[in-house]
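Visitor: Have a look at this one.
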Amino acid sequence: MPGEFNADDFRPWTVITGGSEGVGACFARRLAAQGVNLVLVARKPEALEETARTLRQSFAVAVKTLSIDLGTAEAAGQIAAACADLEVGGLICNAGSAHGMQRLLDQPLDRMLGLMRLNVETPARLVHHFAQGMRRRGRGAIIFMGSGAGAGGSAGLVNYAAAKAYLRTFAEGLWQELRPHGVKVICLVLGLTRTPAMIRAGLVMEGGEFKADDPDLVARTGLTLLGDGPVHVMDSIRPFLEQFQTLPRRDVVEALSRANEGLLARTEGPG
C-alpha cells in the first residue's frame, strides 16, 4: 500500500487542474495538510470557492482559485499569467473528459478540438511553462491522470483514447528528460473511479466487471508513488490491461470498444 510522500516536491505552490472536486480535491486536501499552498483550476466558480474555503479553514494554507475553461486555446496562458508571482513546485494535471461516448464523425468539429485542447494541449502547455522553473530549481513534481482507455483505440471514444495514449507516452519521455534535474513525473492510469463527474454521468459503480476506485485512493497513490514513475496502473484496471500485451492490436481495439460500450450500457436511467 502507498505510504508517505515528500511534500517538499510540491512546495511552495502546486497547481491542480480539475481541483474543485473528486480526485483533484483529494490531491488538494492531502497537499494542504502538509502546508502546500494551492492554485485550484476548474470551470465552475461555486465548487472551486467551496473547496478553497474548506482548505483554508482546515489547514491555514493559501489557496488561489481560477475559474477557467481548460478546453480553450487561451487556458494555459491565463493560468501562467495568474501564477506569474508564485513559485510553482508542483503541477497536477487532473482535468480531462470524454464528455460521453459519441462516434467521431457524429460530433461537431469544434467539440472535438475542444476536447483535444482539454486533454492534450493544455496539459502540454502547462508543463512547458511550469517545468522550466522546476528544472532551474532542481526539484518539482508533475502528475498526470491517464486512463485505461488509452491502451488502444475505441469506437465511441476515438479522440479521448488517443489523448490518453498521448498523455502516457508524453509522461514517459518527460520523466526521462527531467529526472536528472530532480523533477519527478508520473502518469496514473485510472479505471473506473467514484468521482462526482462519473456519478453525474450515471455510471453504475458496483456490480460490474470493474471495481470502482475511491478518489482519495487515487490521490494517495499518485503522491506516494511519484518517485516510482513514469507510469503506475491502478490495481483495479491492471489485470484487464495486462491481457492486451500478447494480443493483436485489432483484438485490443475490439475488446476496449466492447468494454466501453458495456460501461455505457450500465448507466442508470432517469430516476
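Starting from 1 in every chain, residues are counted up; chains themselves are A, B, ... following the order of the C-alpha cells, and ligands are numbered from 1 as listed.
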Near Ile16 in chain A, within 7 Å and counting only C-alpha atoms, which residues show up once chain neighbours fewer than 6 positions away are dropped, as a list in words?

Guide: Gly24, Val39, Leu40, Val41, Leu91, Ile92, Cys93 and Asn94 of chain A

Visitor: Identify, on the basis of only C-alpha atoms, every residue whose closest approach to Ser257 in chain A does not exceed 6 Å; exclude the query and any residue fewer than 2 positions from it along the same chain; express the result as an MDAnalysis selection string.

Guide: chainID A and resid 154:155 254:255 259:260

Visitor: Please determine, counting only C-alpha atoms, which residue among A:Val63, A:Ile142, A:Val189, A:Leu105 has the shortest atom-to-atom distance to Ala165 in chain A.

Guide: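 Checking each of A:Val63, A:Ile142, A:Val189, A:Leu105 against Ala165 in chain A, counting only C-alpha atoms, the winner is A:Val189.
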
Visitor: Would you write out, as a Markdown table, a table of all residues in range 63-172 of chain A that have an atom no more than 10 Å from an atom of range 49-53 of chain A, listing for each the closest atom pair and the distance in Å to one decimal, considering only C-alpha atoms and ordering rows by chain and rising residue number?

Guide:
| residue | atom | partner | partner_atom | distance |
| --- | --- | --- | --- | --- |
| A:Val63 | CA | A:Ala52 | CA | 5.9 |
| A:Lys64 | CA | A:Ala52 | CA | 7.5 |
| A:Thr65 | CA | A:Glu49 | CA | 6.9 |
| A:Leu66 | CA | A:Glu49 | CA | 9.4 |
| A:Ser67 | CA | A:Glu49 | CA | 9.5 |

Visitor: Find the residues near Arg220 in chain A: any atom within 12 Å, counting only C-alpha atoms, skip ones fewer than 6 places away on the same chain, and give them as an MDAnalysis selection string.

Guide: chainID A and resid 1:6 23:31 143 188 213:214 226 234

Visitor: Would you save the residues from that selection as a PDB file, in the first residue's frame, using C-alpha atoms?

Guide:
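And here is the file that came out, out.pdb:
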ATOM      1  CA  MET A   1       0.000   0.000   0.000  1.00  0.00           C
ATOM      2  CA  PRO A   2       1.147   3.557  -0.628  1.00  0.00           C
ATOM      3  CA  GLY A   3       2.876   5.147   2.362  1.00  0.00           C
ATOM      4  CA  GLU A   4       4.153   8.672   2.977  1.00  0.00           C
ATOM      5  CA  PHE A   5       5.122  11.239   0.374  1.00  0.00           C
ATOM      6  CA  ASN A   6       7.623  14.087   0.322  1.00  0.00           C
ATOM      7  CA  VAL A  23      -9.573  13.263  -7.385  1.00  0.00           C
ATOM      8  CA  GLY A  24      -8.355  16.841  -7.741  1.00  0.00           C
ATOM      9  CA  ALA A  25      -9.900  17.908  -4.451  1.00  0.00           C
ATOM     10  CA  CYS A  26      -8.389  14.847  -2.744  1.00  0.00           C
ATOM     11  CA  PHE A  27      -4.933  15.801  -4.025  1.00  0.00           C
ATOM     12  CA  ALA A  28      -5.569  19.329  -2.760  1.00  0.00           C
ATOM     13  CA  ARG A  29      -6.572  18.191   0.711  1.00  0.00           C
ATOM     14  CA  ARG A  30      -3.583  15.886   1.126  1.00  0.00           C
ATOM     15  CA  LEU A  31      -1.157  18.588  -0.006  1.00  0.00           C
ATOM     16  CA  ILE A 143       1.374  14.169 -12.035  1.00  0.00           C
ATOM     17  CA  LEU A 188      -1.523   7.340 -13.128  1.00  0.00           C
ATOM     18  CA  ASP A 213     -11.650   3.197  -7.025  1.00  0.00           C
ATOM     19  CA  ASP A 214     -12.183   5.828  -4.357  1.00  0.00           C
ATOM     20  CA  LEU A 226       5.576   9.735  -7.511  1.00  0.00           C
ATOM     21  CA  MET A 234      -4.156   1.282 -10.708  1.00  0.00           C
TER      22      MET A 234
END

Visitor: Give the alpha helix (DSSP H) residues of range 108-193 of chain A, as DSSP finds them on the backbone, and put them as a ChimeraX atom specification.

Guide: /A:109-116,122-137,158-178

Visitor: Please dump the current selection as a JSON list (two decimals), in the first residue's frame; keep C-alpha atoms.

Guide:
[["chain", "number", "residue", "atom", "x", "y", "z"],
["A", 109, "LEU", "CA", -15.52, 19.62, -35.14],
["A", 110, "ASP", "CA", -15.34, 22.41, -32.54],
["A", 111, "ARG", "CA", -16.35, 19.98, -29.79],
["A", 112, "MET", "CA", -13.69, 17.50, -30.88],
["A", 113, "LEU", "CA", -11.00, 20.19, -30.94],
["A", 114, "GLY", "CA", -12.07, 21.50, -27.54],
["A", 115, "LEU", "CA", -11.64, 18.03, -26.05],
["A", 116, "MET", "CA", -8.19, 17.78, -27.63],
["A", 122, "THR", "CA", -3.49, 22.50, -22.16],
["A", 123, "PRO", "CA", -1.51, 19.94, -20.10],
["A", 124, "ALA", "CA", 1.39, 20.13, -22.57],
["A", 125, "ARG", "CA", 1.41, 23.94, -22.44],
["A", 126, "LEU", "CA", 1.29, 23.96, -18.65],
["A", 127, "VAL", "CA", 4.20, 21.54, -18.44],
["A", 128, "HIS", "CA", 6.26, 23.58, -20.89],
["A", 129, "HIS", "CA", 5.70, 26.68, -18.77],
["A", 130, "PHE", "CA", 5.94, 25.44, -15.17],
["A", 131, "ALA", "CA", 8.61, 22.76, -15.65],
["A", 132, "GLN", "CA", 11.07, 25.43, -16.76],
["A", 133, "GLY", "CA", 11.19, 26.76, -13.20],
["A", 134, "MET", "CA", 11.26, 23.26, -11.71],
["A", 135, "ARG", "CA", 14.29, 22.37, -13.80],
["A", 136, "ARG", "CA", 16.11, 25.56, -12.79],
["A", 137, "ARG", "CA", 15.45, 24.92, -9.08],
["A", 158, "VAL", "CA", -11.70, 7.80, -30.61],
["A", 159, "ASN", "CA", -10.49, 11.23, -29.52],
["A", 160, "TYR", "CA", -10.33, 10.54, -25.78],
["A", 161, "ALA", "CA", -8.48, 7.23, -26.15],
["A", 162, "ALA", "CA", -5.90, 8.85, -28.41],
["A", 163, "ALA", "CA", -5.47, 11.75, -25.99],
["A", 164, "LYS", "CA", -4.84, 9.44, -23.03],
["A", 165, "ALA", "CA", -2.37, 7.38, -25.07],
["A", 166, "TYR", "CA", -0.53, 10.61, -25.87],
["A", 167, "LEU", "CA", -0.51, 11.70, -22.24],
["A", 168, "ARG", "CA", 1.03, 8.43, -21.05],
["A", 169, "THR", "CA", 3.75, 8.50, -23.69],
["A", 170, "PHE", "CA", 4.32, 12.21, -23.03],
["A", 171, "ALA", "CA", 4.82, 11.47, -19.32],
["A", 172, "GLU", "CA", 7.30, 8.68, -20.07],
["A", 173, "GLY", "CA", 9.56, 10.86, -22.20],
["A", 174, "LEU", "CA", 9.25, 13.80, -19.81],
["A", 175, "TRP", "CA", 10.21, 11.55, -16.89],
["A", 176, "GLN", "CA", 13.41, 10.55, -18.67],
["A", 177, "GLU", "CA", 14.30, 14.15, -19.54],
["A", 178, "LEU", "CA", 13.59, 15.71, -16.16]]

Visitor: Please identify which residues in range 25-163 of chain A DSSP calls strand (DSSP E) from the backbone, and express them as a ChimeraX atom specification.

Guide: /A:37-42,63-67,88-93,140-147

Visitor: Convert the current residue selection to file output with C-alpha atoms, as a compact mmCIF listing (two decimals), in the first residue's frame.

Guide:
# COMPACT_ATOMS: atom_id res chain seq x y z
CA ASN A 37 -0.21 26.37 -0.98
CA LEU A 38 -2.55 25.68 -3.86
CA VAL A 39 -3.84 27.06 -7.14
CA LEU A 40 -7.08 25.27 -7.98
CA VAL A 41 -8.36 25.49 -11.55
CA ALA A 42 -11.80 24.42 -12.81
CA VAL A 63 -5.49 28.84 -1.88
CA LYS A 64 -5.93 30.71 -5.15
CA THR A 65 -8.85 29.81 -7.43
CA LEU A 66 -9.08 30.22 -11.19
CA SER A 67 -12.38 29.66 -12.99
CA VAL A 88 5.23 26.70 -8.50
CA GLY A 89 6.82 23.47 -7.34
CA GLY A 90 4.07 21.04 -8.34
CA LEU A 91 1.69 20.54 -11.26
CA ILE A 92 -1.17 18.03 -11.17
CA CYS A 93 -2.98 17.71 -14.49
CA GLY A 140 9.50 19.59 -8.65
CA ALA A 141 6.61 17.20 -9.20
CA ILE A 142 4.31 16.58 -12.18
CA ILE A 143 1.37 14.17 -12.03
CA PHE A 144 -0.88 13.24 -14.96
CA MET A 145 -4.19 11.39 -14.90
CA GLY A 146 -4.13 8.71 -17.55
CA SER A 147 -6.84 6.19 -18.36

Visitor: Of the candidates A:Glu261, A:Asp69, A:Glu242, A:Glu87, which shows the shortest atom-to-atom distance to Arg139 in chain A, using only C-alpha atoms?

Guide: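 Between A:Glu261, A:Asp69, A:Glu242, A:Glu87, the residue approaching Arg139 in chain A most closely is A:Glu87.
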